[in-house]
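Colleague: Got a structure for you, target-v1.txt, holding compact mmCIF, C-alpha atoms and all ligand atoms.
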```txt
# COMPACT_ATOMS: atom_id res chain seq x y z
CA MET A 166 13.56 -18.77 -24.03
CA GLU A 167 15.95 -19.55 -21.21
CA LEU A 168 14.83 -18.50 -17.78
CA ALA A 169 17.18 -17.70 -14.94
CA GLN A 170 18.24 -20.57 -12.71
CA ARG A 171 16.42 -18.85 -9.87
CA ALA A 172 13.12 -19.08 -11.71
CA THR A 173 13.50 -22.69 -12.76
CA ASN A 174 14.20 -23.71 -9.18
CA ILE A 175 10.83 -22.49 -7.89
CA SER A 176 8.19 -25.15 -7.33
CA PRO A 177 4.60 -24.00 -7.73
CA SER A 178 2.52 -24.05 -4.54
CA PRO A 179 1.00 -27.55 -4.06
CA THR A 180 -1.71 -26.16 -1.79
CA LEU A 181 -2.86 -23.75 -4.48
CA ALA A 182 -2.74 -26.61 -7.01
CA VAL A 183 -5.24 -28.67 -4.98
CA ASP A 184 -7.44 -25.64 -4.58
CA ALA A 185 -7.32 -24.95 -8.34
CA ARG A 186 -8.20 -28.59 -9.12
CA ALA A 187 -11.17 -28.50 -6.71
CA LYS A 188 -12.40 -25.24 -8.21
CA GLU A 189 -12.07 -26.60 -11.72
CA MET A 190 -14.18 -29.66 -10.74
CA ARG A 191 -16.74 -27.35 -9.17
CA ALA A 192 -16.90 -25.32 -12.36
CA ARG A 193 -17.80 -28.55 -14.17
CA GLY A 194 -20.72 -28.94 -11.78
CA VAL A 195 -19.12 -31.52 -9.45
CA GLU A 196 -19.96 -30.86 -5.79
CA VAL A 197 -16.50 -30.80 -4.20
CA LEU A 198 -16.03 -30.39 -0.45
CA ASN A 199 -12.93 -28.28 -0.18
CA PHE A 200 -10.72 -28.68 2.90
CA SER A 201 -7.66 -27.12 1.32
CA ALA A 202 -8.40 -23.48 2.17
CA GLY A 203 -5.71 -21.43 3.86
CA GLU A 204 -7.96 -18.54 4.76
CA PRO A 205 -10.88 -17.90 7.13
CA ASP A 206 -14.28 -18.40 5.51
CA PHE A 207 -15.61 -15.26 7.22
CA ASP A 208 -15.91 -11.83 5.63
CA THR A 209 -13.77 -8.90 6.83
CA PRO A 210 -15.68 -7.19 9.70
CA GLU A 211 -17.75 -4.19 8.62
CA HIS A 212 -15.93 -1.51 10.66
CA ILE A 213 -12.67 -2.49 8.94
CA LYS A 214 -14.19 -2.16 5.49
CA GLU A 215 -15.65 1.19 6.49
CA ALA A 216 -12.22 2.48 7.49
CA ALA A 217 -10.94 1.65 4.00
CA VAL A 218 -13.92 3.39 2.39
CA ALA A 219 -13.39 6.45 4.58
CA ALA A 220 -9.68 6.54 3.68
CA LEU A 221 -10.53 6.27 0.00
CA LYS A 222 -13.07 9.07 0.23
CA ALA A 223 -10.59 11.22 2.15
CA GLY A 224 -8.19 10.94 -0.78
CA MET A 225 -5.68 8.56 0.78
CA THR A 226 -4.74 7.42 -2.69
CA LYS A 227 -1.08 8.33 -2.92
CA TYR A 228 2.25 6.76 -2.00
CA THR A 229 2.75 6.37 1.72
CA PRO A 230 6.05 5.90 3.55
CA VAL A 231 7.57 2.64 2.25
CA ASP A 232 7.49 0.93 5.65
CA GLY A 233 3.95 1.98 6.56
CA ILE A 234 1.92 4.99 7.73
CA PRO A 235 2.69 6.30 11.23
CA ALA A 236 -0.83 5.45 12.49
CA LEU A 237 -0.44 1.81 11.51
CA LYS A 238 3.04 1.57 12.99
CA ARG A 239 1.63 3.00 16.22
CA ALA A 240 -1.21 0.44 16.19
CA ILE A 241 1.29 -2.38 15.60
CA ILE A 242 3.57 -1.14 18.39
CA GLU A 243 0.61 -1.00 20.78
CA LYS A 244 -0.52 -4.46 19.70
CA LEU A 245 2.94 -5.96 20.25
CA GLU A 246 3.13 -4.43 23.70
CA ARG A 247 -0.44 -5.39 24.69
CA ASP A 248 -0.48 -8.94 23.34
CA ASN A 249 3.15 -10.00 23.37
CA GLY A 250 4.86 -7.87 26.00
CA LEU A 251 7.22 -6.54 23.33
CA ARG A 252 8.41 -2.95 23.00
CA TYR A 253 9.43 -1.57 19.64
CA THR A 254 10.12 1.84 18.16
CA PRO A 255 8.67 2.93 14.79
CA GLN A 256 12.12 2.43 13.21
CA GLU A 257 11.86 -1.26 14.05
CA ILE A 258 8.52 -1.88 12.28
CA VAL A 259 8.16 -2.61 8.55
CA VAL A 260 4.71 -3.02 7.04
CA SER A 261 4.57 -5.09 3.85
CA ALA A 262 2.13 -6.60 1.37
CA GLY A 263 1.23 -9.54 3.60
CA ALA A 264 3.24 -11.58 6.08
CA LYS A 265 4.52 -13.58 3.12
CA HIS A 266 6.16 -10.43 1.82
CA SER A 267 7.62 -9.66 5.27
CA LEU A 268 9.14 -13.15 5.36
CA TYR A 269 10.52 -12.74 1.85
CA ASN A 270 12.19 -9.46 2.81
CA ALA A 271 13.63 -11.03 5.96
CA PHE A 272 15.25 -13.98 4.16
CA GLN A 273 16.62 -11.64 1.48
CA VAL A 274 18.38 -9.33 3.91
CA LEU A 275 19.60 -12.02 6.32
CA CYS A 276 20.96 -14.72 4.01
CA ASP A 277 24.05 -14.81 1.88
CA GLU A 278 24.61 -17.34 -0.87
CA GLY A 279 25.19 -20.74 0.73
CA ASP A 280 24.07 -19.77 4.23
CA GLU A 281 22.01 -22.45 5.94
CA VAL A 282 18.53 -21.88 7.31
CA ILE A 283 17.05 -24.37 9.74
CA LEU A 284 13.50 -25.19 8.77
CA PRO A 285 11.58 -27.50 11.09
CA ALA A 286 9.23 -29.80 9.16
CA PRO A 287 6.35 -30.16 8.58
CA TYR A 288 6.72 -26.61 7.27
CA TRP A 289 4.61 -24.10 5.39
CA VAL A 290 5.78 -24.50 1.83
CA SER A 291 6.66 -20.87 1.06
CA TYR A 292 9.52 -20.86 3.59
CA LEU A 293 11.32 -23.47 1.52
CA GLU A 294 11.01 -21.52 -1.71
CA GLN A 295 11.83 -18.17 -0.10
CA ILE A 296 14.97 -19.62 1.48
CA LYS A 297 16.09 -20.92 -1.91
CA LEU A 298 15.23 -17.60 -3.57
CA ALA A 299 17.57 -15.90 -1.12
CA GLY A 300 20.37 -18.22 -2.31
CA ALA A 301 20.41 -19.98 1.04
CA VAL A 302 20.27 -23.69 1.74
CA PRO A 303 17.25 -25.03 3.62
CA ARG A 304 18.27 -27.46 6.30
CA ILE A 305 15.04 -29.36 6.91
CA VAL A 306 14.69 -30.93 10.35
CA MET A 307 11.84 -33.41 10.57
CA THR A 308 10.15 -33.03 13.94
CA ARG A 309 8.44 -35.98 15.57
CA GLU A 310 4.75 -36.59 16.05
CA GLU A 311 5.52 -37.92 19.58
CA ASN A 312 6.84 -34.43 20.40
CA GLY A 313 3.72 -32.79 19.02
CA PHE A 314 5.71 -31.81 15.91
CA LYS A 315 7.85 -29.42 17.93
CA LEU A 316 11.56 -28.96 17.35
CA THR A 317 13.61 -29.95 20.40
CA PRO A 318 16.77 -28.12 21.51
CA GLU A 319 18.74 -31.32 20.83
CA GLU A 320 17.43 -31.56 17.27
CA LEU A 321 18.27 -27.88 16.77
CA GLU A 322 21.78 -28.27 18.19
CA GLU A 323 22.50 -31.26 15.92
CA SER A 324 21.43 -29.38 12.80
CA ILE A 325 23.67 -26.37 13.31
CA THR A 326 26.80 -26.08 11.19
CA PRO A 327 29.29 -23.21 10.82
CA ARG A 328 27.12 -21.99 7.88
CA THR A 329 23.88 -21.81 9.85
CA ARG A 330 22.50 -18.30 10.00
CA VAL A 331 18.75 -18.43 10.58
CA LEU A 332 16.18 -20.54 12.45
CA VAL A 333 12.58 -20.45 11.27
CA LEU A 334 9.88 -20.88 13.90
CA ASN A 335 6.16 -20.88 13.17
CA THR A 336 3.92 -20.91 16.21
CA PRO A 337 1.03 -21.70 16.00
CA SER A 338 2.08 -23.89 13.10
CA ASN A 339 0.66 -24.36 9.66
CA PRO A 340 0.16 -27.28 8.99
CA THR A 341 0.42 -29.11 12.34
CA GLY A 342 -1.30 -26.65 14.71
CA ALA A 343 1.60 -27.06 17.16
CA VAL A 344 2.00 -24.19 19.64
CA TYR A 345 5.29 -23.82 21.51
CA THR A 346 5.23 -23.07 25.23
CA ALA A 347 7.40 -20.37 26.80
CA SER A 348 9.80 -22.92 28.27
CA GLU A 349 10.16 -24.76 24.94
CA LEU A 350 10.91 -21.46 23.22
CA ALA A 351 13.36 -20.45 25.94
CA ALA A 352 15.27 -23.72 25.46
CA LEU A 353 15.42 -23.22 21.68
CA GLY A 354 16.35 -19.58 22.17
CA GLU A 355 19.26 -20.55 24.38
CA VAL A 356 20.71 -22.74 21.61
CA ALA A 357 20.03 -20.11 18.94
CA LEU A 358 21.79 -17.42 20.98
CA ARG A 359 24.77 -19.64 21.74
CA HIS A 360 25.29 -20.16 18.00
CA GLY A 361 24.54 -16.58 16.96
CA LEU A 362 21.44 -17.48 14.92
CA VAL A 363 18.76 -15.02 13.91
CA VAL A 364 15.25 -16.33 14.55
CA ILE A 365 12.47 -15.59 12.09
CA SER A 366 9.33 -16.09 14.16
CA ASP A 367 6.15 -16.34 12.10
CA GLU A 368 3.25 -15.65 14.45
CA ILE A 369 0.49 -15.07 11.89
CA TYR A 370 -1.85 -17.60 13.58
CA GLU A 371 -1.31 -16.24 17.10
CA LYS A 372 -5.00 -15.45 17.69
CA MET A 373 -6.18 -18.93 16.73
CA VAL A 374 -5.39 -20.95 19.86
CA TYR A 375 -7.61 -23.43 21.68
CA ASP A 376 -8.01 -25.39 24.91
CA GLY A 377 -6.61 -22.51 26.97
CA THR A 378 -3.32 -22.52 25.05
CA ASN A 379 -1.30 -19.29 25.16
CA HIS A 380 0.68 -17.89 22.30
CA VAL A 381 4.15 -16.71 23.28
CA SER A 382 6.60 -14.79 21.12
CA ILE A 383 10.18 -16.01 21.50
CA ALA A 384 11.33 -12.39 21.24
CA SER A 385 9.58 -11.59 24.53
CA LEU A 386 11.60 -14.08 26.57
CA ALA A 387 14.89 -12.20 26.89
CA PRO A 388 16.39 -8.91 25.63
CA GLU A 389 19.05 -10.91 23.76
CA LEU A 390 16.32 -12.83 21.94
CA ARG A 391 14.47 -9.67 21.06
CA ALA A 392 17.76 -8.38 19.62
CA SER A 393 18.14 -11.42 17.35
CA THR A 394 14.56 -12.12 16.27
CA VAL A 395 12.42 -10.93 13.40
CA VAL A 396 8.80 -11.21 14.53
CA VAL A 397 6.41 -11.61 11.60
CA ASN A 398 2.66 -11.14 11.92
CA GLY A 399 -0.23 -9.58 10.04
CA VAL A 400 -3.96 -9.06 9.78
CA SER A 401 -4.76 -11.72 7.14
CA LYS A 402 -5.86 -14.56 9.38
CA ALA A 403 -7.05 -12.83 12.56
CA TYR A 404 -9.27 -10.32 10.78
CA SER A 405 -10.23 -12.31 7.68
CA MET A 406 -8.21 -9.91 5.55
CA THR A 407 -6.25 -12.26 3.28
CA GLY A 408 -7.05 -10.23 0.19
CA TRP A 409 -6.02 -6.88 1.66
CA ARG A 410 -2.34 -7.84 1.85
CA ILE A 411 -1.05 -6.29 5.04
CA GLY A 412 1.64 -8.01 7.09
CA TYR A 413 4.44 -6.65 9.21
CA ALA A 414 7.80 -7.40 10.74
CA ALA A 415 9.23 -6.17 14.03
CA ALA A 416 13.00 -6.41 14.03
CA PRO A 417 16.13 -4.72 15.34
CA ALA A 418 16.58 -1.37 13.52
CA GLU A 419 19.46 -2.55 11.36
CA ILE A 420 17.42 -5.43 9.93
CA ALA A 421 14.27 -3.29 9.62
CA ARG A 422 16.25 -0.64 7.72
CA ALA A 423 17.56 -3.21 5.24
CA MET A 424 14.09 -4.71 4.75
CA THR A 425 12.69 -1.23 4.08
CA ALA A 426 15.45 -0.45 1.58
CA LEU A 427 14.77 -3.70 -0.27
CA GLN A 428 11.03 -3.07 -0.29
CA SER A 429 11.57 0.49 -1.52
CA HIS A 430 12.94 -0.90 -4.78
CA ALA A 431 10.56 -3.82 -5.16
CA THR A 432 7.02 -2.85 -4.20
CA SER A 433 7.23 0.44 -2.28
CA ASN A 434 4.49 0.91 0.31
CA PRO A 435 1.70 -1.61 0.87
CA THR A 436 -1.69 -0.36 -0.39
CA SER A 437 -2.62 2.91 1.28
CA ILE A 438 -6.27 2.17 2.05
CA ALA A 439 -5.48 -1.38 3.18
CA GLN A 440 -3.15 0.18 5.75
CA ALA A 441 -6.02 2.37 7.01
CA ALA A 442 -8.17 -0.76 7.27
CA ALA A 443 -5.42 -2.53 9.23
CA VAL A 444 -5.36 0.34 11.75
CA ALA A 445 -9.10 -0.22 12.32
CA ALA A 446 -8.53 -3.98 12.64
CA LEU A 447 -5.83 -3.62 15.30
CA THR A 448 -7.38 -0.78 17.30
CA GLY A 449 -11.12 -1.49 16.87
CA PRO A 450 -13.49 -3.97 18.53
CA GLN A 451 -12.19 -7.53 18.67
CA ASP A 452 -15.54 -9.31 19.05
CA ALA A 453 -15.68 -10.64 15.45
CA LEU A 454 -12.27 -12.24 15.97
CA GLU A 455 -13.37 -13.83 19.24
CA ALA A 456 -16.55 -15.21 17.64
CA MET A 457 -14.54 -16.61 14.74
CA VAL A 458 -12.10 -18.39 17.02
CA ARG A 459 -15.01 -19.91 19.01
CA GLU A 460 -16.49 -21.19 15.76
CA PHE A 461 -13.14 -22.60 14.60
CA ASP A 462 -12.86 -24.39 17.92
CA ARG A 463 -16.31 -26.00 17.50
CA ARG A 464 -15.32 -27.26 14.06
CA ARG A 465 -11.92 -28.39 15.27
CA ARG A 466 -13.50 -30.54 17.97
CA TYR A 467 -15.96 -32.05 15.53
CA MET A 468 -13.27 -32.82 12.96
CA LEU A 469 -10.94 -34.35 15.55
CA GLU A 470 -13.68 -36.59 16.85
CA ALA A 471 -14.62 -37.71 13.34
CA LEU A 472 -10.97 -38.35 12.40
CA GLY A 473 -10.52 -40.29 15.64
CA GLU A 474 -13.20 -42.73 14.52
CA LEU A 475 -11.41 -43.65 11.29
CA PRO A 476 -9.41 -46.87 11.59
CA GLY A 477 -5.84 -46.36 10.40
CA VAL A 478 -5.93 -42.61 11.05
CA ARG A 479 -4.64 -40.74 14.08
CA CYS A 480 -4.35 -37.05 14.72
CA VAL A 481 -2.40 -34.99 17.24
CA PRO A 482 -4.96 -32.43 18.45
CA PRO A 483 -3.92 -29.08 16.97
CA ALA A 484 -3.63 -26.41 19.68
CA GLY A 485 -3.66 -23.56 17.18
CA ALA A 486 -4.21 -22.32 13.58
CA PHE A 487 -7.12 -23.87 11.65
CA TYR A 488 -5.83 -27.16 10.31
CA ALA A 489 -5.92 -30.81 11.33
CA PHE A 490 -2.89 -32.83 10.28
CA PRO A 491 -3.82 -36.51 10.60
CA ASN A 492 -1.32 -39.32 10.20
CA VAL A 493 -2.65 -41.65 7.49
CA LYS A 494 0.20 -44.17 7.45
CA GLY A 495 -2.30 -46.87 8.43
CA LEU A 496 -4.10 -46.41 5.11
CA LEU A 497 -1.03 -46.61 2.91
CA GLY A 498 -0.33 -49.87 1.08
CA ARG A 499 -4.06 -50.55 0.73
CA THR A 500 -6.37 -50.23 -2.29
CA TYR A 501 -9.61 -48.44 -3.10
CA ARG A 502 -11.65 -50.35 -5.73
CA GLY A 503 -8.44 -51.83 -7.05
CA ARG A 504 -6.50 -48.56 -7.09
CA PRO A 505 -3.36 -48.64 -4.94
CA ILE A 506 -2.59 -46.05 -2.25
CA ALA A 507 1.17 -45.83 -1.87
CA SER A 508 1.38 -42.34 -0.40
CA ALA A 509 -0.69 -39.54 1.08
CA THR A 510 -0.48 -37.94 -2.38
CA ASP A 511 -2.25 -40.98 -3.92
CA LEU A 512 -4.77 -40.83 -1.09
CA ALA A 513 -5.49 -37.14 -1.64
CA GLN A 514 -5.93 -37.74 -5.37
CA LEU A 515 -8.36 -40.64 -4.79
CA LEU A 516 -10.32 -38.66 -2.22
CA LEU A 517 -10.80 -35.88 -4.73
CA GLU A 518 -11.69 -38.14 -7.65
CA GLU A 519 -13.76 -40.77 -5.87
CA VAL A 520 -15.58 -38.92 -3.09
CA GLN A 521 -14.98 -35.29 -4.12
CA VAL A 522 -13.16 -34.30 -0.95
CA ALA A 523 -10.21 -31.92 -1.47
CA VAL A 524 -7.38 -32.16 1.06
CA VAL A 525 -3.69 -31.27 0.82
CA PRO A 526 -1.21 -34.16 0.90
CA GLY A 527 1.54 -33.84 3.49
CA VAL A 528 4.22 -33.88 0.81
CA ALA A 529 3.44 -30.17 0.39
CA PHE A 530 4.81 -29.73 3.92
CA GLY A 531 7.72 -32.14 3.71
CA THR A 532 6.18 -35.52 4.65
CA ASP A 533 3.95 -37.83 2.62
CA GLU A 534 2.28 -39.78 5.43
CA TYR A 535 -0.14 -37.03 6.48
CA LEU A 536 -3.01 -34.99 5.11
CA ARG A 537 -3.87 -31.41 5.94
CA LEU A 538 -7.54 -30.61 6.40
CA SER A 539 -8.52 -27.00 6.93
CA TYR A 540 -11.51 -26.36 9.16
CA ALA A 541 -11.96 -22.86 7.80
CA THR A 542 -15.16 -24.13 6.21
CA ASP A 543 -18.64 -24.43 7.71
CA LEU A 544 -19.67 -27.24 10.03
CA GLU A 545 -22.26 -28.62 7.59
CA ARG A 546 -19.58 -29.20 5.00
CA ILE A 547 -17.23 -30.64 7.59
CA ARG A 548 -19.95 -33.12 8.64
CA GLU A 549 -20.57 -34.18 5.05
CA GLY A 550 -16.84 -34.38 4.28
CA MET A 551 -16.12 -36.51 7.33
CA ALA A 552 -19.00 -38.84 6.36
CA ARG A 553 -17.56 -39.21 2.85
CA LEU A 554 -14.13 -39.89 4.33
CA ALA A 555 -15.56 -42.59 6.62
CA ALA A 556 -17.37 -44.26 3.71
CA PHE A 557 -14.14 -44.16 1.67
CA VAL A 558 -12.06 -45.73 4.44
CA LYS A 559 -14.65 -48.53 4.85
CA GLU A 560 -14.10 -49.54 1.24
CA LEU A 561 -10.34 -49.91 1.55
CA ARG A 562 -8.95 -53.41 1.08
C1 LIG A 601 2.45 -19.93 8.22
C2 LIG A 601 2.02 -18.81 7.35
N1 LIG A 601 2.75 -17.68 7.34
C3 LIG A 601 2.42 -16.65 6.56
C4 LIG A 601 1.32 -16.70 5.74
C5 LIG A 601 1.05 -15.52 4.83
O1 LIG A 601 0.11 -14.66 5.27
P1 LIG A 601 -0.22 -13.33 4.45
O2 LIG A 601 -1.57 -13.56 3.82
O3 LIG A 601 -0.26 -12.25 5.47
O4 LIG A 601 0.82 -13.12 3.44
C6 LIG A 601 0.53 -17.84 5.71
C7 LIG A 601 -0.64 -17.90 4.81
O5 LIG A 601 -1.11 -18.94 4.42
C8 LIG A 601 0.88 -18.93 6.55
O6 LIG A 601 0.16 -20.05 6.56
```
Take the structure in this file and express it as structure tokens.
Ligand SMILES: Cc1ncc(COP(=O)(O)O)c(C=O)c1O

Modeller:
Amino acid sequence: MELAQRATNISPSPTLAVDARAKEMRARGVEVLNFSAGEPDFDTPEHIKEAAVAALKAGMTKYTPVDGIPALKRAIIEKLERDNGLRYTPQEIVVSAGAKHSLYNAFQVLCDEGDEVILPAPYWVSYLEQIKLAGAVPRIVMTREENGFKLTPEELEESITPRTRVLVLNTPSNPTGAVYTASELAALGEVALRHGLVVISDEIYEKMVYDGTNHVSIASLAPELRASTVVVNGVSKAYSMTGWRIGYAAAPAEIARAMTALQSHATSNPTSIAQAAAVAALTGPQDALEAMVREFDRRRRYMLEALGELPGVRCVPPAGAFYAFPNVKGLLGRTYRGRPIASATDLAQLLLEEVQVAVVPGVAFGTDEYLRLSYATDLERIREGMARLAAFVKELR
């Protein structure tokens, strides 16, 4: 059987592969400490679940408008105005089956074959595959740790060619936790506007920010930027709703219309009762979210301190999301009980096999000198995992 070129070009998700391996070891009775999770370890708040149950009981079991029910669009519009200072009309909002789906739609309607998309690295791996699936060419720009893993206007300018069409921004970032300031975004926006680029701004981690950091949407900085940005967000991370699959895009009407048309032939509307739940998430009490972020912050501080005590490891403090992204270059070239560590991939493999700690090697995000450790797991497990990591590092020769 010959598959289409498109299918053979797709790489399976390395983060899911680590997770699968850890789960398989667990199933064999091995006690694995899993730091590869990309989702909050909290349950969806009760009032959100109840809204879905009520919708189900009320018979909300049919097709809805492709781009989302009016109540959800209203809730999203209010949220964007309240939190981001952005004003949109219902025609500019498209609700999809998760932010991942919103991003997929955006790349599909914005990119022609051979168009270039600027992707700052370290990047979340699905951008790369979605860009390729749209027939576009990812132009990966490696950001620097000294700059807090943030793309500079100079780096952006240098990467632009006559084929460049889109710039991807992800703030707060998975995997680095970098959060762009308003002035950094304004400087990037100026370059993007000058070259006629469309910005896809993935803001799914906006609620997870620490140390007094503010999340800013690039679209809010100037009317011209609003007119050339697709803002992507959703309820997965903020409301512990990863399984419900509700994400959304806010975009100029022409782009939103095209995304809706595409979606109408692929998946139609996102799940009806999940949309009702998302309305409750966006309009209801926010105290569960606030408690979750406080707990993430506690874990983040603990993990950073523990990582800081490991010789050969250094970590830029993440200002957002729920991942630490330590540089492990100082451990490469060494051996653990005779087994060589040439890359962060080797290191991740040894950590899993030798001390049963699951982490994602940086290669999944475009660089093999880092590890990603999620702190969306309880403090007890983080303590134990950090102790195992310290014992492992002590044994390196
Ligand atoms: C940066 C980033 N964007 C988007 C998503 C997708 O979120 P959703 O569950 O809403 O599809 C994720 C999930 O891991 C993510 O890390």

Colleague: Extract, using only C-alpha atoms, all DNA, RNA and protein residues at most 12 Å from A:Pro255, discarding same-chain residues fewer than 5 positions from it, and format them as a ChimeraX atom specification.

Modeller: /A:230,232-243,245,260,413-418,421-422

Colleague: Between chain A and ligand LIG 601 (chain A), at 7 Å or less, what are the per-residue closest atom pairs and their distances in Å? Count all atoms listed in the file, order by chain and rising residue number, and return it as a Markdown table.

Modeller:
```
| residue | atom | partner | partner_atom | distance |
| --- | --- | --- | --- | --- |
| A:Gly203 | CA | A:LIG601 | O5 | 5.3 |
| A:Glu204 | CA | A:LIG601 | O5 | 6.9 |
| A:Ala262 | CA | A:LIG601 | O4 | 7.0 |
| A:Gly263 | CA | A:LIG601 | O4 | 3.6 |
| A:Ala264 | CA | A:LIG601 | O3 | 3.6 |
| A:Lys265 | CA | A:LIG601 | O4 | 3.7 |
| A:His266 | CA | A:LIG601 | O4 | 6.2 |
| A:Trp289 | CA | A:LIG601 | C1 | 5.5 |
| A:Asn335 | CA | A:LIG601 | C1 | 6.3 |
| A:Ser338 | CA | A:LIG601 | C1 | 6.3 |
| A:Asn339 | CA | A:LIG601 | C1 | 5.0 |
| A:Asp367 | CA | A:LIG601 | N1 | 6.0 |
| A:Ile369 | CA | A:LIG601 | N1 | 5.7 |
| A:Gly399 | CA | A:LIG601 | O3 | 5.3 |
| A:Val400 | CA | A:LIG601 | O3 | 6.5 |
| A:Ser401 | CA | A:LIG601 | O3 | 4.8 |
| A:Thr407 | CA | A:LIG601 | O2 | 4.9 |
| A:Arg410 | CA | A:LIG601 | O3 | 6.1 |
| A:Ile411 | CA | A:LIG601 | O3 | 6.0 |
| A:Gly412 | CA | A:LIG601 | O3 | 4.9 |
```

Colleague: Skipping near chain neighbours, those fewer than 2 positions away, what residues fall within 8 Å of A:Ile283 using all atoms listed in the file, listed as a list in words?

Modeller: Glu281, Pro285, Pro303, Arg304, Ile305, Val306, Leu321, Ser324, Ile325, Thr329, Val331, Leu332 and Val333 of chain A

Colleague: Take the residues from that selection and write them out as a PDB file, keeping the file's coordinate frame, keeping C-alpha atoms.

Modeller:
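To be explicit, this is the file written out as out08.pdb:
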```
ATOM      1  CA  GLU A 281      22.010 -22.450   5.940  1.00  0.00           C
ATOM      2  CA  PRO A 285      11.580 -27.500  11.090  1.00  0.00           C
ATOM      3  CA  PRO A 303      17.250 -25.030   3.620  1.00  0.00           C
ATOM      4  CA  ARG A 304      18.270 -27.460   6.300  1.00  0.00           C
ATOM      5  CA  ILE A 305      15.040 -29.360   6.910  1.00  0.00           C
ATOM      6  CA  VAL A 306      14.690 -30.930  10.350  1.00  0.00           C
ATOM      7  CA  LEU A 321      18.270 -27.880  16.770  1.00  0.00           C
ATOM      8  CA  SER A 324      21.430 -29.380  12.800  1.00  0.00           C
ATOM      9  CA  ILE A 325      23.670 -26.370  13.310  1.00  0.00           C
ATOM     10  CA  THR A 329      23.880 -21.810   9.850  1.00  0.00           C
ATOM     11  CA  VAL A 331      18.750 -18.430  10.580  1.00  0.00           C
ATOM     12  CA  LEU A 332      16.180 -20.540  12.450  1.00  0.00           C
ATOM     13  CA  VAL A 333      12.580 -20.450  11.270  1.00  0.00           C
TER      14      VAL A 333
END
```

Colleague: Tell me which protein, DNA and RNA residues are within 12 Å of A:Glu534, counting all atoms listed in the file, leaving out same-chain ones fewer than 2 positions away, and put them as JSON, numbers by chain.

Modeller: {"A": [287, 310, 477, 478, 479, 480, 490, 491, 492, 493, 494, 495, 496, 497, 498, 506, 507, 508, 509, 510, 511, 512, 513, 525, 526, 527, 528, 529, 530, 531, 532, 536, 537]}

Colleague: When you count all atoms listed in the file, which of these residues is closest to A:Val364: A:Leu517, A:Ala442, A:Leu275, A:Ala343?

Modeller: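 Result for the nearest residue to A:Val364: A:Leu275.
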
Colleague: Can you give me N, CA and C atoms for stretch 257-269 of chain A, written as a CSV table (one decimal), in the frame of the given file?

Modeller:
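The new file selection-v3.csv reads:
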```
chain,number,residue,atom,x,y,z
A,257,GLU,N,11.7,0.2,14.0
A,257,GLU,CA,11.9,-1.3,14.0
A,257,GLU,C,10.7,-2.0,13.5
A,258,ILE,N,9.7,-1.3,12.9
A,258,ILE,CA,8.5,-1.9,12.3
A,258,ILE,C,8.5,-1.7,10.8
A,259,VAL,N,8.3,-2.7,10.0
A,259,VAL,CA,8.2,-2.6,8.6
A,259,VAL,C,6.9,-3.3,8.1
A,260,VAL,N,6.0,-2.5,7.5
A,260,VAL,CA,4.7,-3.0,7.0
A,260,VAL,C,4.9,-3.4,5.6
A,261,SER,N,4.4,-4.6,5.2
A,261,SER,CA,4.6,-5.1,3.8
A,261,SER,C,3.3,-5.6,3.3
A,262,ALA,N,3.3,-6.1,2.0
A,262,ALA,CA,2.1,-6.6,1.4
A,262,ALA,C,1.9,-8.0,1.8
A,263,GLY,N,1.5,-8.2,3.1
A,263,GLY,CA,1.2,-9.5,3.6
A,263,GLY,C,2.4,-10.1,4.4
A,264,ALA,N,2.2,-11.0,5.3
A,264,ALA,CA,3.2,-11.6,6.1
A,264,ALA,C,4.2,-12.3,5.2
A,265,LYS,N,3.7,-12.9,4.1
A,265,LYS,CA,4.5,-13.6,3.1
A,265,LYS,C,5.6,-12.7,2.6
A,266,HIS,N,5.2,-11.4,2.3
A,266,HIS,CA,6.2,-10.4,1.8
A,266,HIS,C,7.2,-10.1,2.9
A,267,SER,N,6.7,-9.9,4.2
A,267,SER,CA,7.6,-9.7,5.3
A,267,SER,C,8.7,-10.8,5.4
A,268,LEU,N,8.2,-12.0,5.3
A,268,LEU,CA,9.1,-13.2,5.4
A,268,LEU,C,10.1,-13.1,4.2
A,269,TYR,N,9.7,-12.8,3.0
A,269,TYR,CA,10.5,-12.7,1.8
A,269,TYR,C,11.6,-11.7,2.1
```
